[in-house]
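Undergrad: Structure provided below as structure tokens; questions to follow.
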Amino acid sequence: QVQLVESGGGSVQSGGSLRLSCVVFGYTYMPYCMGWFRQAPGRERERVASADRYGSSVYADSVKGRFTISQDNAKNTLYLQMNSLKPDDTAMYYCAANSGDYYYTPSCREIASFGVWGQGTQVTVSS
């Protein structure tokens with residue numbers, strides 16, 4: 001059974017940094033699509049950043065230049081480095097991945113490709 005476990009959230013002041021981690025359990029490989037999404041109270045869930053196995057990444061316009069998605073295949077871990085944080089970045093952050101076997105390569109630009117989700121980690125940025 002595949003499980004994604006996030007960590008690294010917390011409370012920081014505006015301008016600060018955090019690094020989120022997401023460990024993938026149940027796979028012996030990293031899924032083809034992995035990503036970070038966030039949802040703030042009263043707002044829809046949105047993609048923050050996603051990447052495929054070959055490193056092709058997509059970022060939300062609001063985080064470009066501030067956030068970086070990366071992965072360590074040896075540790076089955078996905079990261080999100082968040083710098084220059086703003087109060088608008090306050091949200092629950094979720095790690096997500098596609099389901100399926102190693103040879104399944106869906107479009108990582110489609111949110112519907114992400115069928116496995118973590119429980120989330122809260123990020124709060126104060127002004």
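In the structure tokens, each chain is lettered A, B, ... as it comes, each chain's residues begin at 1, and ligands are numbered from 1 in order of appearance.
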Could you make a table, as JSON lines, of the residues of segment 44-84 of chain A that have an atom within 6 Å of an atom of segment 21-38 of chain A, each with its nearest atom pair and distance in Å to one decimal, counting only C-alpha atoms, in chain and number order?

TA:
{"residue": "A:Arg45", "atom": "CA", "partner": "A:Arg38", "partner_atom": "CA", "distance": 5.5}
{"residue": "A:Glu46", "atom": "CA", "partner": "A:Phe37", "partner_atom": "CA", "distance": 5.5}
{"residue": "A:Arg47", "atom": "CA", "partner": "A:Phe37", "partner_atom": "CA", "distance": 4.4}
{"residue": "A:Val48", "atom": "CA", "partner": "A:Phe37", "partner_atom": "CA", "distance": 5.0}
{"residue": "A:Ala49", "atom": "CA", "partner": "A:Trp36", "partner_atom": "CA", "distance": 5.3}
{"residue": "A:Ser50", "atom": "CA", "partner": "A:Gly35", "partner_atom": "CA", "distance": 3.8}
{"residue": "A:Ala51", "atom": "CA", "partner": "A:Met34", "partner_atom": "CA", "distance": 5.6}
{"residue": "A:Asp52", "atom": "CA", "partner": "A:Cys33", "partner_atom": "CA", "distance": 4.6}
{"residue": "A:Arg53", "atom": "CA", "partner": "A:Tyr32", "partner_atom": "CA", "distance": 4.9}
{"residue": "A:Asn76", "atom": "CA", "partner": "A:Val24", "partner_atom": "CA", "distance": 5.5}
{"residue": "A:Thr77", "atom": "CA", "partner": "A:Val23", "partner_atom": "CA", "distance": 4.4}
{"residue": "A:Leu78", "atom": "CA", "partner": "A:Cys22", "partner_atom": "CA", "distance": 5.0}
{"residue": "A:Tyr79", "atom": "CA", "partner": "A:Ser21", "partner_atom": "CA", "distance": 4.6}

Undergrad: Please identify all polymer residues within 6 Å of segment 116-127 of chain A, counting only C-alpha atoms, omitting same-chain residues fewer than 4 positions from it, and present them as a ChimeraX atom specification.

TA: /A:4-5,9-14,87,90-98

Undergrad: I'd like to know which of A:Ser62, A:Glu110, A:Tyr104, A:Ser99 is closest to Lys86 of chain A, using only C-alpha atoms.

TA: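 Smallest separation from Lys86 of chain A among the options: A:Ser62.
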
Undergrad: Which one is closest to Asn83 of chain A: A:Gly65, A:Pro41, A:Pro106, A:Gly100? Count only C-alpha atoms.

TA: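 Among A:Gly65, A:Pro41, A:Pro106, A:Gly100, it is A:Gly65 that comes nearest to Asn83 of chain A.
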
Undergrad: Write out as JSON, numbers by chain the residues lying within 7 Å of Ser17 of chain A, counting only C-alpha atoms and excluding same-chain residues fewer than 3 positions away.

TA: {"A": [82, 83, 84, 85]}

Undergrad: Pick out the closest residue to Leu20 of chain A from this set: A:Asp89, A:Leu80, A:Asp101, A:Gly55. Count only C-alpha atoms.

TA: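 Comparing A:Asp89, A:Leu80, A:Asp101, A:Gly55 against Leu20 of chain A, the winner is A:Leu80.
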
Undergrad: Based on the backbone DSSP call, show me all residues of segment 6-126 of chain A assigned helix (DSSP H, G or I), as a ChimeraX atom specification.

TA: /A:73-75,87-89,111-113

Undergrad: Hey, can you spit out that residue selection with all heavy atoms as a CSV table (one decimal), in the first residue's frame?

TA:
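Wrote selection.csv, looks like this:
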chain,number,residue,atom,x,y,z
A,73,ASN,N,16.0,10.2,-5.1
A,73,ASN,CA,15.5,8.9,-5.4
A,73,ASN,C,16.1,7.8,-4.4
A,73,ASN,O,15.4,6.9,-4.2
A,73,ASN,CB,15.9,8.5,-6.8
A,73,ASN,CG,15.1,9.4,-7.8
A,73,ASN,OD1,14.1,10.0,-7.5
A,73,ASN,ND2,15.7,9.5,-9.0
A,74,ALA,N,17.3,8.0,-4.0
A,74,ALA,CA,17.9,7.0,-3.1
A,74,ALA,C,17.1,7.0,-1.7
A,74,ALA,O,17.1,5.9,-1.1
A,74,ALA,CB,19.3,7.3,-2.8
A,75,LYS,N,16.5,8.1,-1.4
A,75,LYS,CA,15.7,8.2,-0.1
A,75,LYS,C,14.2,8.1,-0.3
A,75,LYS,O,13.5,8.2,0.6
A,75,LYS,CB,16.1,9.4,0.6
A,75,LYS,CG,17.6,9.5,1.1
A,75,LYS,CD,17.8,10.8,1.9
A,75,LYS,CE,19.3,10.9,2.3
A,75,LYS,NZ,19.6,12.1,3.1
A,87,PRO,N,2.7,35.8,3.9
A,87,PRO,CA,1.5,35.4,4.5
A,87,PRO,C,0.5,34.7,3.6
A,87,PRO,O,-0.2,33.8,4.0
A,87,PRO,CB,0.9,36.7,5.0
A,87,PRO,CG,2.1,37.6,5.3
A,87,PRO,CD,3.1,37.2,4.2
A,88,ASP,N,0.5,35.0,2.3
A,88,ASP,CA,-0.4,34.4,1.4
A,88,ASP,C,0.0,32.9,1.1
A,88,ASP,O,-0.8,32.2,0.5
A,88,ASP,CB,-0.4,35.1,0.0
A,88,ASP,CG,-1.3,36.3,0.0
A,88,ASP,OD1,-2.0,36.5,1.0
A,88,ASP,OD2,-1.2,37.1,-0.9
A,89,ASP,N,1.2,32.5,1.6
A,89,ASP,CA,1.6,31.1,1.4
A,89,ASP,C,1.0,30.2,2.5
A,89,ASP,O,1.2,29.0,2.5
A,89,ASP,CB,3.1,31.0,1.5
A,89,ASP,CG,3.8,31.7,0.3
A,89,ASP,OD1,3.3,31.5,-0.9
A,89,ASP,OD2,4.8,32.4,0.5
A,111,ILE,N,-3.9,17.5,-12.9
A,111,ILE,CA,-4.1,17.3,-11.5
A,111,ILE,C,-4.8,15.9,-11.3
A,111,ILE,O,-4.5,15.2,-10.3
A,111,ILE,CB,-4.9,18.4,-10.9
A,111,ILE,CG1,-4.1,19.7,-10.9
A,111,ILE,CG2,-5.3,18.0,-9.4
A,111,ILE,CD1,-4.8,20.9,-10.2
A,112,ALA,N,-5.6,15.5,-12.3
A,112,ALA,CA,-6.2,14.2,-12.2
A,112,ALA,C,-5.3,13.1,-12.2
A,112,ALA,O,-5.6,11.9,-11.8
A,112,ALA,CB,-7.3,14.1,-13.3
A,113,SER,N,-4.0,13.3,-12.6
A,113,SER,CA,-3.0,12.2,-12.6
A,113,SER,C,-2.5,11.9,-11.2
A,113,SER,O,-1.9,10.8,-11.0
A,113,SER,CB,-1.8,12.6,-13.5
A,113,SER,OG,-2.2,12.8,-14.8
